[in-house]
Structures are given as C-alpha cells and as structure tokens.
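S.K.: Below is the file upload10.pdb, which contains PDB, C-alpha atoms and all ligand atoms.
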```pdb
ATOM      1  CA  MET A   1      -8.978   2.714 -16.674
ATOM      2  CA  SER A   2      -5.463   2.007 -17.996
ATOM      3  CA  GLY A   3      -2.835   3.514 -20.274
ATOM      4  CA  ILE A   4      -4.031   7.119 -20.026
ATOM      5  CA  GLU A   5      -1.654  10.052 -20.574
ATOM      6  CA  VAL A   6      -1.903  12.546 -17.717
ATOM      7  CA  GLY A   7      -0.378  16.023 -17.822
ATOM      8  CA  ILE A   8       1.332  17.372 -14.710
ATOM      9  CA  LEU A   9       2.307  21.033 -14.356
ATOM     10  CA  GLY A  10       5.391  21.647 -12.227
ATOM     11  CA  THR A  11       8.350  19.458 -11.278
ATOM     12  CA  GLY A  12       8.308  19.786  -7.484
ATOM     13  CA  ARG A  13       7.631  17.426  -4.580
ATOM     14  CA  MET A  14       4.029  16.489  -5.388
ATOM     15  CA  SER A  15       4.600  16.385  -9.131
ATOM     16  CA  VAL A  16       7.251  13.668  -9.030
ATOM     17  CA  ARG A  17       5.314  11.580  -6.524
ATOM     18  CA  LEU A  18       2.040  11.808  -8.427
ATOM     19  CA  ALA A  19       3.927  10.979 -11.628
ATOM     20  CA  SER A  20       5.335   7.838  -9.948
ATOM     21  CA  GLU A  21       1.874   6.962  -8.673
ATOM     22  CA  LEU A  22       0.418   7.300 -12.181
ATOM     23  CA  LEU A  23       3.225   5.184 -13.661
ATOM     24  CA  SER A  24       2.535   2.485 -11.053
ATOM     25  CA  ASN A  25      -1.112   2.591 -12.084
ATOM     26  CA  GLY A  26      -0.130   1.902 -15.708
ATOM     27  CA  HIS A  27      -0.483   5.453 -17.052
ATOM     28  CA  ASP A  28       1.916   7.745 -18.919
ATOM     29  CA  VAL A  29       2.801  11.308 -17.984
ATOM     30  CA  VAL A  30       3.466  14.572 -19.797
ATOM     31  CA  LEU A  31       5.619  16.528 -17.376
ATOM     32  CA  GLY A  32       5.338  20.291 -17.881
ATOM     33  CA  SER A  33       7.779  22.825 -16.500
ATOM     34  CA  ARG A  34       8.597  26.504 -16.845
ATOM     35  CA  ASP A  35      12.004  25.143 -17.840
ATOM     36  CA  VAL A  36      11.779  22.266 -20.319
ATOM     37  CA  ALA A  37      15.403  21.279 -19.549
ATOM     38  CA  ARG A  38      14.323  20.673 -15.934
ATOM     39  CA  ALA A  39      11.349  18.603 -17.098
ATOM     40  CA  LYS A  40      13.763  16.534 -19.235
ATOM     41  CA  ARG A  41      16.056  15.890 -16.255
ATOM     42  CA  VAL A  42      13.163  14.845 -13.996
ATOM     43  CA  ALA A  43      11.560  12.704 -16.714
ATOM     44  CA  GLN A  44      14.880  10.918 -17.182
ATOM     45  CA  LEU A  45      14.944  10.043 -13.483
ATOM     46  CA  LEU A  46      11.307   8.938 -13.365
ATOM     47  CA  ASN A  47      11.021   6.874 -16.547
ATOM     48  CA  PRO A  48      12.297   8.203 -19.887
ATOM     49  CA  ASP A  49      10.058   5.804 -21.839
ATOM     50  CA  ARG A  50       6.791   6.821 -20.203
ATOM     51  CA  VAL A  51       7.305  10.406 -19.021
ATOM     52  CA  ARG A  52       7.323  12.946 -21.843
ATOM     53  CA  PRO A  53       8.921  16.280 -20.853
ATOM     54  CA  GLY A  54       7.502  19.533 -22.124
ATOM     55  CA  SER A  55       6.111  22.969 -21.400
ATOM     56  CA  TYR A  56       3.064  23.769 -19.278
ATOM     57  CA  ALA A  57       1.068  24.220 -22.493
ATOM     58  CA  GLU A  58       2.011  20.717 -23.675
ATOM     59  CA  ALA A  59       1.098  19.139 -20.343
ATOM     60  CA  ALA A  60      -2.167  21.097 -20.283
ATOM     61  CA  SER A  61      -3.224  19.517 -23.583
ATOM     62  CA  SER A  62      -3.887  16.153 -21.904
ATOM     63  CA  ARG A  63      -7.356  14.834 -21.087
ATOM     64  CA  PHE A  64      -6.444  14.810 -17.368
ATOM     65  CA  VAL A  65      -4.251  17.597 -15.997
ATOM     66  CA  ILE A  66      -2.765  18.011 -12.516
ATOM     67  CA  PRO A  67      -1.480  21.486 -11.644
ATOM     68  CA  ALA A  68       1.185  20.881  -8.955
ATOM     69  CA  ILE A  69       2.019  24.511  -8.250
ATOM     70  CA  PHE A  70       1.278  26.615  -5.170
ATOM     71  CA  MET A  71      -1.487  29.193  -5.363
ATOM     72  CA  ARG A  72       0.834  31.670  -3.586
ATOM     73  CA  ASP A  73       3.360  31.125  -6.428
ATOM     74  CA  GLY A  74       0.842  32.185  -9.035
ATOM     75  CA  ALA A  75      -0.863  28.899  -9.994
ATOM     76  CA  PHE A  76      -4.095  30.698 -10.858
ATOM     77  CA  ASP A  77      -2.404  33.204 -13.201
ATOM     78  CA  LEU A  78      -0.598  30.346 -14.964
ATOM     79  CA  LEU A  79      -3.833  28.364 -15.312
ATOM     80  CA  SER A  80      -5.786  31.386 -16.462
ATOM     81  CA  ALA A  81      -3.323  31.723 -19.362
ATOM     82  CA  LEU A  82      -4.016  28.062 -20.230
ATOM     83  CA  ARG A  83      -7.802  28.339 -19.964
ATOM     84  CA  THR A  84      -8.518  27.693 -23.648
ATOM     85  CA  ARG A  85      -6.148  24.748 -23.812
ATOM     86  CA  LEU A  86      -7.716  23.265 -20.670
ATOM     87  CA  ALA A  87     -11.265  23.491 -22.063
ATOM     88  CA  GLY A  88     -12.805  20.014 -21.944
ATOM     89  CA  ALA A  89     -10.078  18.625 -19.658
ATOM     90  CA  THR A  90     -10.562  17.170 -16.214
ATOM     91  CA  VAL A  91      -8.353  19.188 -13.889
ATOM     92  CA  ILE A  92      -7.267  17.180 -10.867
ATOM     93  CA  ASP A  93      -6.888  19.815  -8.200
ATOM     94  CA  ILE A  94      -4.431  19.144  -5.361
ATOM     95  CA  LEU A  95      -4.019  22.791  -4.304
ATOM     96  CA  ASN A  96      -4.155  23.884  -0.683
ATOM     97  CA  PRO A  97      -4.119  27.681  -0.451
ATOM     98  CA  PHE A  98      -1.246  27.888   2.073
ATOM     99  CA  ASN A  99       0.505  31.123   2.930
ATOM    100  CA  ALA A 100       4.321  31.347   2.843
ATOM    101  CA  ASP A 101       4.965  29.974   6.374
ATOM    102  CA  TYR A 102       2.163  27.354   6.284
ATOM    103  CA  SER A 103       0.454  28.917   9.329
ATOM    104  CA  ASP A 104      -2.787  29.781   7.514
ATOM    105  CA  PHE A 105      -4.572  29.963   4.176
ATOM    106  CA  ILE A 106      -4.634  32.898   1.798
ATOM    107  CA  LEU A 107      -8.343  32.239   1.138
ATOM    108  CA  PRO A 108     -11.076  32.916   3.731
ATOM    109  CA  TRP A 109     -13.158  30.128   5.331
ATOM    110  CA  SER A 110     -15.972  30.782   2.879
ATOM    111  CA  LYS A 111     -13.814  29.846  -0.126
ATOM    112  CA  SER A 112     -11.750  26.913  -1.355
ATOM    113  CA  ALA A 113      -9.055  26.523  -3.992
ATOM    114  CA  SER A 114     -11.168  23.904  -5.797
ATOM    115  CA  GLU A 115     -14.222  26.125  -6.127
ATOM    116  CA  GLU A 116     -12.102  29.120  -7.175
ATOM    117  CA  LEU A 117     -10.375  26.946  -9.770
ATOM    118  CA  GLN A 118     -13.706  25.751 -11.167
ATOM    119  CA  ARG A 119     -14.792  29.389 -11.426
ATOM    120  CA  LEU A 120     -11.544  30.254 -13.223
ATOM    121  CA  LEU A 121     -11.905  27.307 -15.648
ATOM    122  CA  PRO A 122     -15.615  27.046 -16.429
ATOM    123  CA  GLN A 123     -15.030  24.860 -19.487
ATOM    124  CA  SER A 124     -12.973  22.315 -17.534
ATOM    125  CA  THR A 125     -14.167  19.878 -14.897
ATOM    126  CA  VAL A 126     -12.419  20.232 -11.558
ATOM    127  CA  VAL A 127     -11.976  17.165  -9.368
ATOM    128  CA  GLY A 128     -10.249  17.719  -6.021
ATOM    129  CA  ALA A 129      -7.957  14.945  -4.728
ATOM    130  CA  PHE A 130      -4.776  14.287  -2.701
ATOM    131  CA  LYS A 131      -5.241  17.530  -0.738
ATOM    132  CA  ASN A 132      -4.485  15.867   2.601
ATOM    133  CA  VAL A 133      -1.588  13.675   1.461
ATOM    134  CA  PHE A 134       1.699  15.238   2.530
ATOM    135  CA  TRP A 135       4.467  14.484   0.040
ATOM    136  CA  GLU A 136       6.393  12.544   2.666
ATOM    137  CA  THR A 137       3.478  10.099   2.924
ATOM    138  CA  PHE A 138       3.748   8.942  -0.689
ATOM    139  CA  GLU A 139       6.889   6.938   0.081
ATOM    140  CA  ASN A 140       4.965   4.957   2.662
ATOM    141  CA  PRO A 141       1.196   5.518   2.794
ATOM    142  CA  ASP A 142       0.707   2.715   5.361
ATOM    143  CA  PHE A 143       0.069   3.707   8.951
ATOM    144  CA  ALA A 144      -0.510   1.323  11.849
ATOM    145  CA  GLU A 145      -4.223   2.166  11.517
ATOM    146  CA  GLY A 146      -4.302   1.412   7.754
ATOM    147  CA  HIS A 147      -3.742   3.320   4.519
ATOM    148  CA  SER A 148      -4.411   7.019   4.538
ATOM    149  CA  ASP A 149      -7.452   8.340   2.673
ATOM    150  CA  VAL A 150      -7.619  10.455  -0.461
ATOM    151  CA  TYR A 151     -10.862  12.431  -0.442
ATOM    152  CA  VAL A 152     -12.134  12.931  -3.998
ATOM    153  CA  ILE A 153     -14.634  15.745  -4.648
ATOM    154  CA  SER A 154     -16.397  17.143  -7.692
ATOM    155  CA  ASP A 155     -19.751  18.377  -8.909
ATOM    156  CA  ASP A 156     -19.372  15.981 -11.859
ATOM    157  CA  ALA A 157     -19.984  12.388 -10.781
ATOM    158  CA  VAL A 158     -18.543  10.863 -13.966
ATOM    159  CA  ALA A 159     -15.292  12.839 -13.748
ATOM    160  CA  LYS A 160     -14.998  11.913 -10.082
ATOM    161  CA  ARG A 161     -15.335   8.212 -10.897
ATOM    162  CA  GLU A 162     -12.780   8.547 -13.717
ATOM    163  CA  VAL A 163     -10.232  10.141 -11.403
ATOM    164  CA  MET A 164     -10.797   7.442  -8.785
ATOM    165  CA  ALA A 165     -10.300   4.826 -11.523
ATOM    166  CA  LEU A 166      -7.031   6.471 -12.623
ATOM    167  CA  PHE A 167      -5.588   5.782  -9.173
ATOM    168  CA  ALA A 168      -7.403   2.491  -8.534
ATOM    169  CA  LYS A 169      -4.166   0.548  -8.004
ATOM    170  CA  SER A 170      -2.807   3.150  -5.630
ATOM    171  CA  PRO A 171      -2.112   2.083  -2.037
ATOM    172  CA  PHE A 172      -4.217   5.005  -0.790
ATOM    173  CA  ARG A 173      -7.898   4.508  -0.008
ATOM    174  CA  LEU A 174      -9.823   6.686  -2.476
ATOM    175  CA  VAL A 175     -13.014   7.970  -0.889
ATOM    176  CA  ASP A 176     -15.865   9.667  -2.756
ATOM    177  CA  ALA A 177     -16.132  12.755  -0.568
ATOM    178  CA  GLY A 178     -19.029  14.426  -2.379
ATOM    179  CA  ARG A 179     -19.426  17.818  -3.930
ATOM    180  CA  LEU A 180     -16.756  20.377  -4.762
ATOM    181  CA  SER A 181     -17.824  22.762  -1.974
ATOM    182  CA  ASN A 182     -16.603  20.114   0.501
ATOM    183  CA  ALA A 183     -13.150  21.393  -0.485
ATOM    184  CA  ARG A 184     -13.662  24.168   2.073
ATOM    185  CA  THR A 185     -13.501  21.512   4.788
ATOM    186  CA  ILE A 186     -11.081  19.087   3.136
ATOM    187  CA  GLU A 187      -8.459  21.742   2.404
ATOM    188  CA  ARG A 188      -8.672  22.954   6.006
ATOM    189  CA  MET A 189      -8.191  19.370   7.203
ATOM    190  CA  THR A 190      -4.656  19.695   5.781
ATOM    191  CA  LEU A 191      -4.084  22.796   7.881
ATOM    192  CA  LEU A 192      -5.437  20.973  10.940
ATOM    193  CA  ALA A 193      -3.303  17.895  10.219
ATOM    194  CA  ALA A 194      -0.205  20.099  10.165
ATOM    195  CA  GLU A 195      -1.193  21.733  13.459
ATOM    196  CA  LEU A 196      -2.043  18.425  15.165
ATOM    197  CA  GLY A 197       1.152  16.888  13.801
ATOM    198  CA  ALA A 198       3.177  19.774  15.208
ATOM    199  CA  ARG A 199       1.356  19.697  18.586
ATOM    200  CA  HIS A 200       1.690  15.965  19.060
ATOM    201  CA  GLY A 201       5.012  15.220  17.365
ATOM    202  CA  PHE A 202       3.881  13.373  14.263
ATOM    203  CA  LEU A 203       5.153  15.537  11.402
ATOM    204  CA  PRO A 204       5.731  15.095   8.557
ATOM    205  CA  ARG A 205       4.082  11.661   8.159
ATOM    206  CA  VAL A 206       0.486  12.410   9.072
ATOM    207  CA  GLY A 207      -2.739  11.455   7.316
ATOM    208  CA  TRP A 208      -6.505  11.143   7.655
ATOM    209  CA  ARG A 209      -8.549   7.946   7.688
ATOM    210  CA  PHE A 210     -12.322   7.964   7.985
ATOM    211  CA  LEU A 211     -13.711   5.277  10.325
ATOM    212  CA  GLY A 212     -17.171   3.732  10.218
ATOM    213  CA  GLU A 213     -19.275   0.599  10.109
ATOM    214  CA  PRO A 214     -22.054  -0.395   7.675
ATOM    215  CA  TRP A 215     -25.585   1.009   8.051
ATOM    216  CA  LYS A 216     -27.834  -0.462  10.703
ATOM    217  CA  ALA A 217     -31.409  -1.153   9.546
ATOM    218  CA  GLY A 218     -33.559   1.965   9.203
ATOM    219  CA  ILE A 219     -30.719   4.468   9.400
ATOM    220  CA  LYS A 220     -30.111   4.962   5.662
ATOM    221  CA  ASP A 221     -33.412   6.757   4.939
ATOM    222  CA  LYS A 222     -32.884   9.195   7.795
ATOM    223  CA  PHE A 223     -29.699  10.464   6.179
ATOM    224  CA  ALA A 224     -30.679  10.385   2.484
ATOM    225  CA  HIS A 225     -31.034  14.204   2.398
ATOM    226  CA  VAL A 226     -27.408  14.668   3.508
ATOM    227  CA  ILE A 227     -26.043  13.289   0.239
ATOM    228  CA  ALA A 228     -28.871  14.409  -2.056
TER
HETATM  229  N1  LIG B 301       3.769  19.471  -0.386
HETATM  230  C1  LIG B 301       2.754  18.700   0.003
HETATM  231  O1  LIG B 301       2.921  17.831   0.870
HETATM  232  C2  LIG B 301       1.387  18.888  -0.625
HETATM  233  C3  LIG B 301       0.340  18.032  -0.267
HETATM  234  C4  LIG B 301      -0.921  18.168  -0.885
HETATM  235  C5  LIG B 301      -1.101  19.164  -1.824
HETATM  236  N2  LIG B 301      -0.065  19.999  -2.125
HETATM  237  C6  LIG B 301      -0.260  21.052  -3.132
HETATM  238  O2  LIG B 301       0.494  20.703  -4.279
HETATM  239  C7  LIG B 301       0.975  21.874  -4.927
HETATM  240  C8  LIG B 301       2.475  21.710  -5.144
HETATM  241  O3  LIG B 301       3.122  21.523  -3.913
HETATM  242  P1  LIG B 301       4.658  21.044  -3.852
HETATM  243  O4  LIG B 301       4.977  20.853  -2.429
HETATM  244  O5  LIG B 301       4.884  19.960  -4.822
HETATM  245  O6  LIG B 301       5.383  22.380  -4.379
HETATM  246  P2  LIG B 301       6.886  22.557  -4.854
HETATM  247  O7  LIG B 301       7.728  21.410  -4.432
HETATM  248  O8  LIG B 301       7.279  23.917  -4.403
HETATM  249  O9  LIG B 301       6.770  22.505  -6.439
HETATM  250  C9  LIG B 301       5.951  23.433  -7.103
HETATM  251  C10 LIG B 301       6.355  23.554  -8.560
HETATM  252  O10 LIG B 301       5.659  24.687  -9.063
HETATM  253  C11 LIG B 301       6.363  25.183 -10.198
HETATM  254  N3  LIG B 301       6.297  26.661 -10.131
HETATM  255  C12 LIG B 301       5.646  27.452 -11.022
HETATM  256  N4  LIG B 301       5.757  28.729 -10.699
HETATM  257  C13 LIG B 301       6.521  28.779  -9.586
HETATM  258  C14 LIG B 301       7.019  29.862  -8.790
HETATM  259  N5  LIG B 301       6.727  31.144  -9.065
HETATM  260  N6  LIG B 301       7.783  29.569  -7.715
HETATM  261  C15 LIG B 301       8.070  28.279  -7.417
HETATM  262  N7  LIG B 301       7.634  27.197  -8.142
HETATM  263  C16 LIG B 301       6.864  27.464  -9.221
HETATM  264  C17 LIG B 301       7.772  24.631 -10.132
HETATM  265  O11 LIG B 301       7.931  23.716 -11.219
HETATM  266  P3  LIG B 301       8.688  24.165 -12.573
HETATM  267  O12 LIG B 301       9.780  25.086 -12.155
HETATM  268  O13 LIG B 301       9.175  22.899 -13.127
HETATM  269  O14 LIG B 301       7.688  24.835 -13.434
HETATM  270  C18 LIG B 301       7.817  23.877  -8.802
HETATM  271  O15 LIG B 301       8.609  22.731  -8.879
HETATM  272  C19 LIG B 301       0.592  23.053  -4.034
HETATM  273  O16 LIG B 301      -0.526  23.707  -4.566
HETATM  274  C20 LIG B 301       0.237  22.415  -2.702
HETATM  275  O17 LIG B 301      -0.753  23.111  -1.997
HETATM  276  C21 LIG B 301       1.173  19.877  -1.569
END
```
Show me this structure written as structure tokens.
Ligand SMILES: NC(=O)c1ccc[n+]([C@@H]2O[C@H](COP(=O)([O-])OP(=O)(O)OC[C@H]3O[C@@H](n4cnc5c(N)ncnc54)[C@H](OP(=O)(O)O)[C@@H]3O)[C@@H](O)[C@H]2O)c1

M.R.:
Amino acid sequence: MSGIEVGILGTGRMSVRLASELLSNGHDVVLGSRDVARAKRVAQLLNPDRVRPGSYAEAASSRFVIPAIFMRDGAFDLLSALRTRLAGATVIDILNPFNADYSDFILPWSKSASEELQRLLPQSTVVGAFKNVFWETFENPDFAEGHSDVYVISDDAVAKREVMALFAKSPFRLVDAGRLSNARTIERMTLLAAELGARHGFLPRVGWRFLGEPWKAGIKDKFAHVIA
C-alpha cells in the first residue's frame, strides 16, 4: 500500500513521530490541530510538500485517521463531535487510558480504550496499534534483542491488514495480535512496561518483543480454538 493520505489529530509527541513514520513509508499526512497555525508550523518542520496542515475536521476526513490525543484530555469528546465525518474511516487507535501521573489507567480492567472507541464510533473501523511504543523509541526502535513489536488488533481482518501494510516499511515488527478485546491486555502492557522500566532502570527506551519458534508437528490443531 503506497501513497495514501493519513489524517492525524493532534501535534504532540506521537503525532510528529507517526507522521515521520508515514512519510518514510511513502504516505502523505493531513495534520489536524486545535490551532491551525500550530499545525502549519509543525508541517513546515516535517515536510511542507507532503504534510497538509488543517483542523481536526479536515484530518478526520481521511480514509485512515490517527487520533493522537490523550483520553484524559478529552479525546473521546473530540472524536464524538467528529463521528459523522469519521463514518467509513479506519481509525488507528494508539490511545492508552493513562491518568495524569501515569501511575494507573482511568478505565477499569474490564475495559479498553480501543473497545470504548469502537463503541463511540460504530460506523468506523477501529484498529489498535503502537500502544506499547513509547515516543522515545521511535528515534531508535532497535534494541540489542531486535526491533520492538507493534501489536495490531481489530475485529476487522481486512482493516487490520491494511494498517499493517501502511507501516510495512517501518523498522518496527508489526504483529497481528488478534481481536480488539486484546486491547485490554495490550494497553496494560504499556503500564507494565513503564513500571518495569522504572524498577529496573530502563526508562524511557523500553519495548516489547514476542519470542517464539515455529510449530512442532501436531501442536497446531491443539491450539486452533485459541485463535478461532
Ligand atoms: N507518549 C507516548 O510515548 C505514547 C505511546 C503510545 C501511545 N500514546 C498515546 O498517544 C496519544 C498522544 O500522546 P502524546 O504523548 O503524543 O501526547 P501529547 O504530546 O500531549 O500530544 C497530544 C496532543 O493532543 C492535542 N490536544 C487536544 N486536546 C488537548 C488538551 N485538552 N490538552 C492537551 N493536548 C490536547 C494537542 O494537539 P493540538 O494542540 O495540536 O490539537 C497535543 O499536542 C495518547 O492517547 C497516548 O496514550 C502515547
């Protein structure tokens, strides 16, 4: 998949890094901000030819849209106001429901930002991705153990494949991580990564990488129900 225009809402730490990642993958960006002058300044720094500055509504008109705003800062209210515009779009959800001091989530264990977002935007397709990638890792996603993983989740297999294709040239390892409800675990892996990083002196460059080896004969059938 090449030459797609992707809308990004917000001009913060994740927004600029995901915009760079998309540009490196050959795509263009519509950068939406509450303040279009800010979007213009950031677009100028990123790539004035391929990053089009605008409002949230303009960015939300793209086929793929990445809200890069914290839930605690009102991301859901902003997206609710854009619900009609986002109908038919694939919303790439990077939200972790952190509280103000990053010590916990503002959602209970039984809920995830991805599932709540899908409920809020029933006419859009939510694909969760990049939840565990701290912004500091974008500058150098290589660890001694290999590239860090990006777990990609959705209840729509086609949309999930499309999002993985959008970032196919990315240095991260994109992993199909199953259904959207897996966001409950994947989002909490970010919380755990922060705690482990703080306990063991690895912050802020921490990441997850799934390890494994190919099936041994006879094993595959025993686990078919797990991914059904
Ligand atoms: N930081 C990470 O390492 C990381 C990693 C994975 C996922 N995430 C997720 O990515 C999202 C963005 O994180 P971030 O670190 O990029 O956040 P950030 O640097 O604080 O940027 C968030 C952007 O949200 C917009 N915004 C809209 N309403 C706002 C308000 N009331 N207060 C403040 N900003 C507001 C702002 O853009 P405009 O002013 O231009 O509108 C701001 O630049 C979050 O949902 C987070 O959970 C973050």

S.K.: Set the cut-off to 7 Å, count only C-alpha atoms and all ligand atoms, and list whatever residues fall near ligand LIG 301 (chain B) as a PyMOL selection string.

M.R.: chain A and resi 9-15+32-35+38-39+68-71+73-75+94-98+130-136

S.K.: Could you write out as an MDAnalysis selection string the residues that the PyMOL selection byres (((chain A and resi 93) around 10) and not hetatm) matches in the shown file?

M.R.: chainID A and resid 65:68 90:92 94:96 113:115 117:118 125:131 152:154

S.K.: Could you give me the axis-aligned bounding box of range 200-218 of chain A, with 3 Å of padding per side, as centre plus edge lengths in Å to one decimal, as JSON?

M.R.:
```
{"center_x": -13.9, "center_y": 7.4, "center_z": 13.2, "size_x": 45.3, "size_y": 23.1, "size_z": 17.7}
```

S.K.: Under the rule that all atoms listed in the file are counted, which of A:Ser181, A:Ser55, A:Asn99, A:Thr137 is the nearest residue to Pro204 in chain A?

M.R.: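 Nearest to Pro204 in chain A: A:Thr137.
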
S.K.: Could you tell me which residues the PyMOL selection byres (((chain A and resi 26) around 6) and not hetatm) returns for this structure, as a VMD selection string?

M.R.: chain A and resid 2 to 3 23 to 25 27

S.K.: Would you work out the distance separating CA of Thr190 in chain A from CA of Phe210 in chain A, expressed in Å to one decimal?

M.R.: 14.2 Å

S.K.: List the neighbours of range 80-85 of chain A out to 9 Å using only C-alpha atoms; skip same-chain residues closer than 2 positions along the sequence, and give me the result as a list in words.

M.R.: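 Counting only C-alpha atoms, the residues come to Tyr56, Ala57, Ala60, Ser61, Ala75, Phe76, Asp77, Leu78, Ala87, Gly88, Ala89, Leu120, Leu121, Pro122, Gln123 and Ser124 of chain A.
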
S.K.: List, as an MDAnalysis selection string, every residue that the PyMOL selection byres (((chain A and resi 108) around 12) and not hetatm) selects in the file provided.

M.R.: chainID A and resid 97:99 104:107 109:113 116 184:185 187:188

S.K.: Pick out the closest residue to Phe172 in chain A from this set: A:Ala228, A:Ala43, A:Val150, A:Leu18. Count all atoms listed in the file.

M.R.: A:Val150

S.K.: Generate the missing atoms of range 72-83 of chain A up to N, CA and C atoms and report them as a compact mmCIF listing (two decimals), keeping the file's coordinate frame.

M.R.:
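Final file, rebuild-v9.txt:
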```txt
# COMPACT_ATOMS: atom_id res chain seq x y z
N ARG A 72 0.05 30.47 -3.96
CA ARG A 72 0.83 31.67 -3.59
C ARG A 72 1.95 31.94 -4.60
N ASP A 73 2.33 30.94 -5.39
CA ASP A 73 3.36 31.12 -6.43
C ASP A 73 2.75 31.47 -7.78
N GLY A 74 1.46 31.72 -7.80
CA GLY A 74 0.84 32.18 -9.04
C GLY A 74 0.17 31.12 -9.88
N ALA A 75 -0.22 29.99 -9.23
CA ALA A 75 -0.86 28.90 -9.99
C ALA A 75 -2.07 29.40 -10.79
N PHE A 76 -2.87 30.28 -10.18
CA PHE A 76 -4.10 30.70 -10.86
C PHE A 76 -3.79 31.55 -12.09
N ASP A 77 -2.76 32.39 -12.02
CA ASP A 77 -2.40 33.20 -13.20
C ASP A 77 -1.92 32.29 -14.33
N LEU A 78 -1.10 31.29 -13.95
CA LEU A 78 -0.60 30.35 -14.96
C LEU A 78 -1.75 29.58 -15.61
N LEU A 79 -2.71 29.15 -14.79
CA LEU A 79 -3.83 28.36 -15.31
C LEU A 79 -4.79 29.23 -16.11
N SER A 80 -4.92 30.48 -15.71
CA SER A 80 -5.79 31.39 -16.46
C SER A 80 -5.26 31.53 -17.90
N ALA A 81 -3.93 31.60 -18.02
CA ALA A 81 -3.32 31.72 -19.36
C ALA A 81 -3.54 30.46 -20.19
N LEU A 82 -3.83 29.35 -19.52
CA LEU A 82 -4.02 28.06 -20.23
C LEU A 82 -5.49 27.69 -20.38
N ARG A 83 -6.37 28.63 -20.04
CA ARG A 83 -7.80 28.34 -19.96
C ARG A 83 -8.36 27.69 -21.24
```
